[in-house]
Amino acid sequence: MTSNSSERASTDTDNDFAVQTLSLSRKFGDLTAVDGIDLNIKKGELFALLGPNGAGKTTTINILCCLLKPSGGTARIMGYDILKQPFRVKDIIGVSPQETVVSERLNSWENLELIGRTHGMEAAELKARSQELLATMGLASRAKDQVRKFSGGMKRRLNIMMALVHDPQVVFLDEPTLGLDPQARRAIWEYIGRLKKEKTILLTTHYMEEADSLADRIAIIDEGKIVALGTAHELKNNLLDKQTMVAQAQDITPQAIEKIRNKYAEVEVTGDTLKISDKQLSFQEIVDLLHDAGVAVRSAYIKEPTLDDVFLQITGKELRE
Amino acid sequence: MRILALASRALKETYRDPLALGFLLGFPLVFMLLFGAIFSGDELPDFAVGVIDEDNTMMSQAFTDQALPMVPVLTISSYDDADTALKDLKFGELNAYIVIPPGFGQQVSQNWQGAEADIVLDMTYDESDVMISEQLISIINEVTRAFARIDVPVTVNALPIHVENQIDYIDFIGPGIITFGLLILIPTAARMIVRDKEKGFLARLLTTPTRPLDFILGYSLSNVAITIAQIAIFIFGAWLMGMDIVGNLGLAFLIFFLTGLCSVGIGMVIASLSKSENQAEPLAWLFSMPLAMLSGCWFSIEMMPSYLRTIAYAFPYAHTIEAARGVLIRGVGLEAVGTDFLFLVGWAVVIFALGVVLFRRSMRS
C-alpha cells in the first residue's frame, strides 16, 4: 500500500493519543449499544474497558477495528479516521476477538502465516516474528500440530498471537481470558503484562481482577456509557464512599445486631457472618460493641475495596451476573 | 499474495478434513460403483436398425414398413442415405443399418412365383459387439426368408465396421456421475463460506487489510483446485470402471471445469443468502439433489415430461452431461457441443458475478 500524504494523520495536536473516540455511538434498532463514548487512550497505555456482558464493550471494539459503522461520532486510531481511512487503520491494528477465531485444521504456524500474509509481510520477517511469538507464548513445541487438538487455553493464546504477528501499533484484546480456568488466565495475564509499554492495548473484560492487575487506566462501561474512568487506585479510593467490615462470630443475638444498626448504616447477617458498611467504620468500636453484647468474635477484617464495589456503587448492580 | 494465502488456507481446511474429502470424492465414486454393478447384468438388447431403401419398389417398401417392424426386438428407422446412417451408428444410436439394393423387389417376386432367385441385403453393423451382430444377422435372415417365402438362407452381405464407441451402461452413466460429483460441490462450497461467516473467521480477516473480494477470490481459487482434482479422479475412476474414453479429454475436462465453477458460484449465492451453516446446508441439498435427478445424472432425461426437461436445461448440469457424453464416449468435437459449451461459459460468468455481488452485500449488514 502506498502512502498518500492526504491520507496521513490530519491532526498534530492529538499526537499523544493512540485511540480517540469522539461521541461514538451505535444503535441496533431501538437499542443503543454504545452511547456517546469519548475516550483518549495514550500511546503505550494499557487501557481496560470494564463492564458486564452487554455493556457495549465488543460493539465499541468492532467499531474501532472498522467492522461496524458507528451510528454517530467517529474515532481515530493513531490519527487515522476509522470512517475515512479504514484500510490505514486495519494496517496498524491487531485484533483478538472475543470468541476464539482460529483456523482449526491449520497448525499455529499456518494460522500466524495467514494473518501475516494478509498484512503483506515478507516471508523471512514473518517467520522470525512467528518463531518469537510461539516461543514467548509457550507454543513452540506444538507449532506443527493442528489447532483443533489444542486446549482452550492454547487456542486462546494463539488467538492473541494472531493479533500480534504483524507487529501492530494498537492491539485490541476483546475479553482475552473469557472462559479460561484461573491457571490459564494467569498465564495470559503474564504475557499481556509483558506486552505493556511495547504496544498500545485496549482490553475489554468483565473480570475486575483482570482490569485491576493489568491496566494503566480503567473505564467502567455500563449500558453503552462510560460511567467512571481512572486508575484502579483512583477508582477505588476516590469514588468509594463506604467501607465494609466483615466479622465471623458465634451466637449473634438480635440485640447485638440492633446495637450495631443504631451506629452504622448497613448491617447484613448470613449465618455466622456479619457484614457492616458505612462511610466511616471504626474497627475497634464494632469489636467492642459485639463483645459487650456477649458475641464472641472469631475474626474480623476491613474489606479491601474492589472494582466490583465501585461498579456496584455507581450502577447499583453487581458486575458479575 | 493475499488471495493465494487465503486460497491455501481454505484448501488445507478441506483436504485435512476426512469427512469433507470423503464426501467430495468418495460419495460420487460409490455411486459410480453402485450403478456400474446394478446395470452390469445381461439385458435382452433392443436393436435399433436403420434401413436405406435403394430398390424403392412396392416390395421393398412392404419389407421396410411391414415385415421388419413386426419383429419385437427391432426398432426400425428409415434413412435416405448410408452416410447419415453410418453417423448414427457411430453415435451409438443405431446397432446396424441395412441397405436394400436395387433389384430386391424383383428377386422377391421371382421367389413368390416359384423361381428361385438369390436375395441379397447389405448390412453394416458394429463388430465390437459380437453377440448383437450374430443375433441381428440371424433375425434379419429369418424375417427376410419369411417375407420372400423361401427356405434357403438369404445372402446377407455382412459389412462389419469397427465402431469404437460401443456404449454400455458405464459409458452412459460415467459423465452423469462425474457431473453429480460436481453438483455436490454446491453444499461444500456454501458450507465453507458460511462457516467462516458464522464462526467469525471472516470478521477476523476483515480486521486485517483483507477485502471481501480478496476473501471470495481466495476461496474460489481453492475450490477451483478442488474441482480440478475431483474431475481428474472421477474421470480416472470411471475409466477404471470401464468407461471408454474416445474423445478429446481436454475438451471434456474444460466442460467439467466450467460446471465446477457454476457449482462454486451457486454455493456462493446460497452462502450469501444464509445466516448459518444450519441454514445453508439444507438449502444447498434441497437445490442440488433434485437438480441431479432432473439433469440426468443417473437416468436419461429423454423420458421426462417436457416441462421438467425445460427446467433441467435452464441449469448447467443437463448441458454438461450431454456435452460430456458426446465428447467422452462418442468422440465428437467442439463443433458438436458448442451450444452447450457456450451455455456453460455464460452460466459460470453470470453466477460468479451474482455470487460476488450478493456476498459483498451480505458483508455490509
# chains A, B, ... in the order shown; residues from 1 in each chain; ligands from 1
call {"tool": "closest_atom_pairs", "arguments": {"of": "chain B", "to": "chain A", "cutoff": "8 Å", "atoms": "only C-alpha atoms", "output": "tab-separated table"}}
result
residue	atom	partner	partner_atom	distance
B:Met1	CA	A:Arg117	CA	7.2
B:Arg2	CA	A:Thr118	CA	5.0
B:Ala5	CA	A:Leu114	CA	6.0
B:Leu6	CA	A:Leu114	CA	7.0
B:Arg9	CA	A:Leu114	CA	7.3
B:Lys12	CA	A:Leu106	CA	6.9
B:Glu13	CA	A:Arg105	CA	5.3
B:Arg16	CA	A:Arg105	CA	6.4
B:Asp17	CA	A:Arg105	CA	7.4
B:Lys199	CA	A:Val101	CA	6.9
B:Gly200	CA	A:Val101	CA	6.2
B:Phe201	CA	A:Val101	CA	5.7
B:Ala203	CA	A:Leu67	CA	7.1
B:Arg204	CA	A:Pro97	CA	7.2
B:Leu205	CA	A:Ile115	CA	7.6
B:Leu206	CA	A:Leu67	CA	6.9
B:Thr207	CA	A:Lys90	CA	5.8
B:Thr208	CA	A:Lys90	CA	5.1
B:Pro209	CA	A:Lys90	CA	5.4
B:Thr210	CA	A:Thr118	CA	6.1
call {"tool": "residues_around", "arguments": {"residues": "B:Ala238", "least_positions_apart": "3", "cutoff": "8 Å", "atoms": "only C-alpha atoms", "output": "MDAnalysis selection string"}}
result
chainID B and resid 32 170 174 234:235 241:243
call {"tool": "residues_around", "arguments": {"residues": "B:Arg309", "least_positions_apart": "3", "cutoff": "12 Å", "atoms": "only C-alpha atoms", "output": "PDB file with C-alpha atoms, in the first residue's frame"}}
result
ATOM      1  CA  LEU B 291     -31.309 -30.967  -9.796  1.00  0.00           C
ATOM      2  CA  MET B 293     -32.124 -36.128 -10.707  1.00  0.00           C
ATOM      3  CA  LEU B 294     -33.581 -33.644 -13.193  1.00  0.00           C
ATOM      4  CA  SER B 295     -30.327 -33.157 -15.034  1.00  0.00           C
ATOM      5  CA  GLY B 296     -29.985 -36.836 -15.767  1.00  0.00           C
ATOM      6  CA  SER B 300     -31.739 -40.454 -19.249  1.00  0.00           C
ATOM      7  CA  ILE B 301     -33.928 -37.383 -19.145  1.00  0.00           C
ATOM      8  CA  GLU B 302     -35.415 -38.138 -22.555  1.00  0.00           C
ATOM      9  CA  MET B 303     -38.395 -39.840 -20.962  1.00  0.00           C
ATOM     10  CA  MET B 304     -39.174 -36.934 -18.666  1.00  0.00           C
ATOM     11  CA  PRO B 305     -42.131 -34.640 -19.383  1.00  0.00           C
ATOM     12  CA  SER B 306     -41.067 -31.675 -21.440  1.00  0.00           C
ATOM     13  CA  ALA B 312     -33.338 -29.098 -16.316  1.00  0.00           C
ATOM     14  CA  TYR B 313     -31.944 -27.265 -19.315  1.00  0.00           C
ATOM     15  CA  ALA B 314     -32.165 -23.939 -17.513  1.00  0.00           C
ATOM     16  CA  PHE B 315     -29.305 -25.162 -15.302  1.00  0.00           C
ATOM     17  CA  TYR B 317     -25.807 -29.772 -15.450  1.00  0.00           C
ATOM     18  CA  ALA B 318     -28.020 -31.327 -18.120  1.00  0.00           C
ATOM     19  CA  HIS B 319     -25.908 -29.498 -20.697  1.00  0.00           C
TER      20      HIS B 319
END
call {"tool": "select_by_dssp", "arguments": {"residues": "stretch 124-305 of chain B", "states": "alpha helix (DSSP H)", "output": "PyMOL selection string"}}
result
chain B and resi 130-148+169-183+185-198+201-206+212-240+249-273+277-295
call {"tool": "residues_around", "arguments": {"residues": "B:Ile184", "least_positions_apart": "5", "cutoff": "9 Å", "atoms": "only C-alpha atoms", "output": "CSV table (one decimal) with all heavy atoms, in the first residue's frame"}}
result
chain,number,residue,atom,x,y,z
B,23,PHE,N,-16.6,-36.9,1.4
B,23,PHE,CA,-17.9,-36.5,0.8
B,23,PHE,C,-17.7,-36.1,-0.6
B,23,PHE,O,-18.5,-36.5,-1.5
B,23,PHE,CB,-18.5,-35.4,1.6
B,23,PHE,CG,-19.7,-34.8,1.1
B,23,PHE,CD1,-20.9,-35.5,1.3
B,23,PHE,CD2,-19.7,-33.6,0.4
B,23,PHE,CE1,-22.1,-35.0,0.8
B,23,PHE,CE2,-20.9,-33.1,-0.1
B,23,PHE,CZ,-22.0,-33.8,0.1
B,24,LEU,N,-16.7,-35.3,-0.9
B,24,LEU,CA,-16.4,-34.7,-2.2
B,24,LEU,C,-16.0,-35.8,-3.2
B,24,LEU,O,-16.4,-35.8,-4.4
B,24,LEU,CB,-15.4,-33.7,-2.1
B,24,LEU,CG,-15.8,-32.3,-1.7
B,24,LEU,CD1,-14.7,-31.4,-1.5
B,24,LEU,CD2,-16.8,-31.7,-2.7
B,28,PRO,N,-19.4,-39.7,-4.8
B,28,PRO,CA,-19.7,-40.0,-6.2
B,28,PRO,C,-19.1,-41.3,-6.7
B,28,PRO,O,-19.7,-42.0,-7.5
B,28,PRO,CB,-19.0,-38.8,-7.0
B,28,PRO,CG,-18.9,-37.7,-5.9
B,28,PRO,CD,-18.7,-38.4,-4.6
B,179,THR,N,-20.7,-35.5,-13.2
B,179,THR,CA,-21.4,-34.3,-13.1
B,179,THR,C,-22.1,-34.2,-11.7
B,179,THR,O,-22.1,-33.2,-11.1
B,179,THR,CB,-22.5,-34.2,-14.2
B,179,THR,OG1,-21.9,-34.3,-15.4
B,179,THR,CG2,-23.2,-32.8,-14.1
B,189,ALA,N,-19.1,-26.0,-1.1
B,189,ALA,CA,-18.7,-24.6,-1.3
B,189,ALA,C,-19.4,-23.7,-0.4
B,189,ALA,O,-18.9,-22.7,0.2
B,189,ALA,CB,-18.9,-24.3,-2.8
B,263,SER,N,-21.0,-24.6,-10.0
B,263,SER,CA,-21.3,-25.1,-8.6
B,263,SER,C,-20.8,-24.2,-7.5
B,263,SER,O,-21.5,-23.9,-6.6
B,263,SER,CB,-20.8,-26.5,-8.4
B,263,SER,OG,-21.5,-27.4,-9.2
B,284,ALA,N,-28.7,-25.9,0.3
B,284,ALA,CA,-27.8,-26.4,-0.8
B,284,ALA,C,-28.3,-27.8,-1.2
B,284,ALA,O,-28.3,-28.1,-2.4
B,284,ALA,CB,-26.4,-26.4,-0.3
B,285,TRP,N,-28.6,-28.7,-0.3
B,285,TRP,CA,-29.1,-30.0,-0.6
B,285,TRP,C,-30.4,-30.0,-1.4
B,285,TRP,O,-30.6,-30.7,-2.3
B,285,TRP,CB,-29.1,-30.9,0.6
B,285,TRP,CG,-27.8,-31.4,1.0
B,285,TRP,CD1,-27.1,-31.1,2.1
B,285,TRP,CD2,-27.0,-32.3,0.3
B,285,TRP,NE1,-25.9,-31.7,2.1
B,285,TRP,CE2,-25.8,-32.5,1.0
B,285,TRP,CE3,-27.1,-33.0,-0.9
B,285,TRP,CZ2,-24.7,-33.3,0.6
B,285,TRP,CZ3,-26.0,-33.8,-1.4
B,285,TRP,CH2,-24.9,-33.9,-0.6
B,288,SER,N,-29.5,-29.1,-4.8
B,288,SER,CA,-28.6,-29.9,-5.7
B,288,SER,C,-29.2,-31.3,-5.9
B,288,SER,O,-29.0,-31.9,-7.0
B,288,SER,CB,-27.2,-29.9,-5.1
B,288,SER,OG,-27.2,-30.3,-3.8
B,289,MET,N,-29.9,-31.9,-4.9
B,289,MET,CA,-30.3,-33.3,-5.2
B,289,MET,C,-31.4,-33.4,-6.2
B,289,MET,O,-31.3,-34.2,-7.2
B,289,MET,CB,-30.7,-33.9,-3.9
B,289,MET,CG,-29.6,-34.4,-3.0
B,289,MET,SD,-28.2,-35.1,-3.8
B,289,MET,CE,-28.6,-36.9,-3.6
B,292,ALA,N,-29.8,-32.9,-9.5
B,292,ALA,CA,-29.1,-34.0,-10.0
B,292,ALA,C,-30.0,-35.0,-10.7
B,292,ALA,O,-29.7,-35.5,-11.8
B,292,ALA,CB,-28.4,-34.7,-8.8
call {"tool": "residues_around", "arguments": {"residues": "stretch 24-33 of chain A", "least_positions_apart": "6", "cutoff": "7 Å", "atoms": "only C-alpha atoms", "output": "compact mmCIF listing (two decimals) with N, CA and C atoms, in the first residue's frame"}}
result
# COMPACT_ATOMS: atom_id res chain seq x y z
N GLY A 56 -21.62 -2.99 25.99
CA GLY A 56 -21.22 -2.25 24.79
C GLY A 56 -19.73 -2.34 24.52
N THR A 59 -19.08 -4.06 20.98
CA THR A 59 -19.54 -3.15 19.92
C THR A 59 -18.53 -2.03 19.73
N PRO A 70 -20.21 3.28 13.03
CA PRO A 70 -20.92 3.91 14.14
C PRO A 70 -22.19 4.60 13.63
N SER A 71 -23.19 4.70 14.51
CA SER A 71 -24.40 5.45 14.13
C SER A 71 -24.15 6.94 14.29
N GLY A 72 -23.22 7.29 15.18
CA GLY A 72 -22.88 8.69 15.37
C GLY A 72 -21.46 8.80 15.89
N GLY A 73 -20.85 9.97 15.66
CA GLY A 73 -19.49 10.18 16.13
C GLY A 73 -18.49 9.42 15.29
N THR A 74 -17.23 9.52 15.66
CA THR A 74 -16.21 8.77 14.94
C THR A 74 -15.06 8.47 15.91
N ALA A 75 -14.00 7.89 15.36
CA ALA A 75 -12.84 7.58 16.19
C ALA A 75 -11.59 7.68 15.34
N GLU A 223 -24.30 0.00 30.08
CA GLU A 223 -25.36 0.40 29.15
C GLU A 223 -24.86 1.41 28.12
N GLY A 224 -23.69 1.14 27.58
CA GLY A 224 -23.17 1.96 26.49
C GLY A 224 -22.51 3.26 26.90
call {"tool": "select_by_dssp", "arguments": {"residues": "stretch 19-117 of chain A", "states": "strand (DSSP E)", "output": "number ranges by chain"}}
result
A: 19-28, 31-42, 46-50, 72-77, 80-81, 93-96
call {"tool": "decode", "arguments": {"residues": "stretch 229-240 of chain B", "atoms": "all heavy atoms", "output": "compact mmCIF listing (two decimals), in the first residue's frame"}}
result
# COMPACT_ATOMS: atom_id res chain seq x y z
N ALA B 229 -9.01 -31.43 -9.11
CA ALA B 229 -8.66 -32.73 -8.54
C ALA B 229 -9.82 -33.70 -8.66
O ALA B 229 -9.65 -34.87 -9.04
CB ALA B 229 -8.27 -32.56 -7.07
N GLN B 230 -11.03 -33.19 -8.38
CA GLN B 230 -12.23 -34.03 -8.47
C GLN B 230 -12.40 -34.60 -9.88
O GLN B 230 -12.59 -35.80 -10.04
CB GLN B 230 -13.45 -33.16 -8.16
CG GLN B 230 -14.09 -33.45 -6.83
CD GLN B 230 -15.46 -32.78 -6.76
OE1 GLN B 230 -15.74 -31.83 -7.48
NE2 GLN B 230 -16.28 -33.28 -5.89
N ILE B 231 -12.31 -33.72 -10.87
CA ILE B 231 -12.53 -34.17 -12.25
C ILE B 231 -11.52 -35.24 -12.63
O ILE B 231 -11.87 -36.28 -13.18
CB ILE B 231 -12.45 -32.97 -13.22
CG1 ILE B 231 -13.55 -31.96 -12.91
CG2 ILE B 231 -12.58 -33.45 -14.66
CD1 ILE B 231 -13.36 -30.63 -13.61
N ALA B 232 -10.25 -34.97 -12.29
CA ALA B 232 -9.20 -35.92 -12.64
C ALA B 232 -9.49 -37.28 -12.00
O ALA B 232 -9.42 -38.32 -12.67
CB ALA B 232 -7.85 -35.39 -12.19
N ILE B 233 -9.85 -37.25 -10.72
CA ILE B 233 -10.09 -38.51 -10.01
C ILE B 233 -11.33 -39.22 -10.56
O ILE B 233 -11.33 -40.43 -10.77
CB ILE B 233 -10.22 -38.26 -8.50
CG1 ILE B 233 -8.85 -37.83 -7.95
CG2 ILE B 233 -10.73 -39.48 -7.77
CD1 ILE B 233 -8.87 -37.35 -6.52
N PHE B 234 -12.37 -38.46 -10.84
CA PHE B 234 -13.61 -39.07 -11.34
C PHE B 234 -13.41 -39.69 -12.72
O PHE B 234 -13.88 -40.79 -12.98
CB PHE B 234 -14.73 -38.04 -11.41
CG PHE B 234 -15.20 -37.59 -10.06
CD1 PHE B 234 -15.87 -36.39 -9.92
CD2 PHE B 234 -14.96 -38.36 -8.93
CE1 PHE B 234 -16.30 -35.97 -8.67
CE2 PHE B 234 -15.39 -37.95 -7.68
CZ PHE B 234 -16.07 -36.74 -7.56
N ILE B 235 -12.73 -38.95 -13.59
CA ILE B 235 -12.53 -39.49 -14.94
C ILE B 235 -11.71 -40.77 -14.85
O ILE B 235 -12.01 -41.78 -15.47
CB ILE B 235 -11.86 -38.46 -15.87
CG1 ILE B 235 -12.85 -37.32 -16.16
CG2 ILE B 235 -11.43 -39.11 -17.19
CD1 ILE B 235 -12.34 -36.28 -17.13
N PHE B 236 -10.69 -40.71 -14.00
CA PHE B 236 -9.85 -41.89 -13.82
C PHE B 236 -10.68 -43.05 -13.25
O PHE B 236 -10.59 -44.19 -13.71
CB PHE B 236 -8.68 -41.56 -12.90
CG PHE B 236 -7.72 -42.69 -12.71
CD1 PHE B 236 -6.93 -43.13 -13.75
CD2 PHE B 236 -7.62 -43.33 -11.46
CE1 PHE B 236 -6.06 -44.19 -13.58
CE2 PHE B 236 -6.74 -44.38 -11.28
CZ PHE B 236 -5.96 -44.82 -12.34
N GLY B 237 -11.50 -42.72 -12.26
CA GLY B 237 -12.35 -43.73 -11.63
C GLY B 237 -13.31 -44.35 -12.64
O GLY B 237 -13.46 -45.58 -12.70
N ALA B 238 -13.92 -43.51 -13.45
CA ALA B 238 -14.87 -44.00 -14.44
C ALA B 238 -14.17 -44.87 -15.47
O ALA B 238 -14.68 -45.90 -15.91
CB ALA B 238 -15.57 -42.83 -15.12
N TRP B 239 -12.94 -44.47 -15.80
CA TRP B 239 -12.16 -45.24 -16.76
C TRP B 239 -11.83 -46.62 -16.17
O TRP B 239 -11.93 -47.64 -16.85
CB TRP B 239 -10.89 -44.46 -17.10
CG TRP B 239 -9.95 -45.21 -18.01
CD1 TRP B 239 -10.08 -45.38 -19.36
CD2 TRP B 239 -8.75 -45.89 -17.62
NE1 TRP B 239 -9.02 -46.11 -19.84
CE2 TRP B 239 -8.21 -46.45 -18.79
CE3 TRP B 239 -8.11 -46.07 -16.41
CZ2 TRP B 239 -7.02 -47.19 -18.77
CZ3 TRP B 239 -6.93 -46.81 -16.38
CH2 TRP B 239 -6.40 -47.36 -17.55
N LEU B 240 -11.48 -46.63 -14.90
CA LEU B 240 -11.21 -47.90 -14.22
C LEU B 240 -12.44 -48.79 -14.23
O LEU B 240 -12.34 -50.02 -14.33
CB LEU B 240 -10.80 -47.65 -12.76
CG LEU B 240 -9.34 -47.29 -12.47
CD1 LEU B 240 -9.12 -47.20 -10.98
CD2 LEU B 240 -8.38 -48.29 -13.09
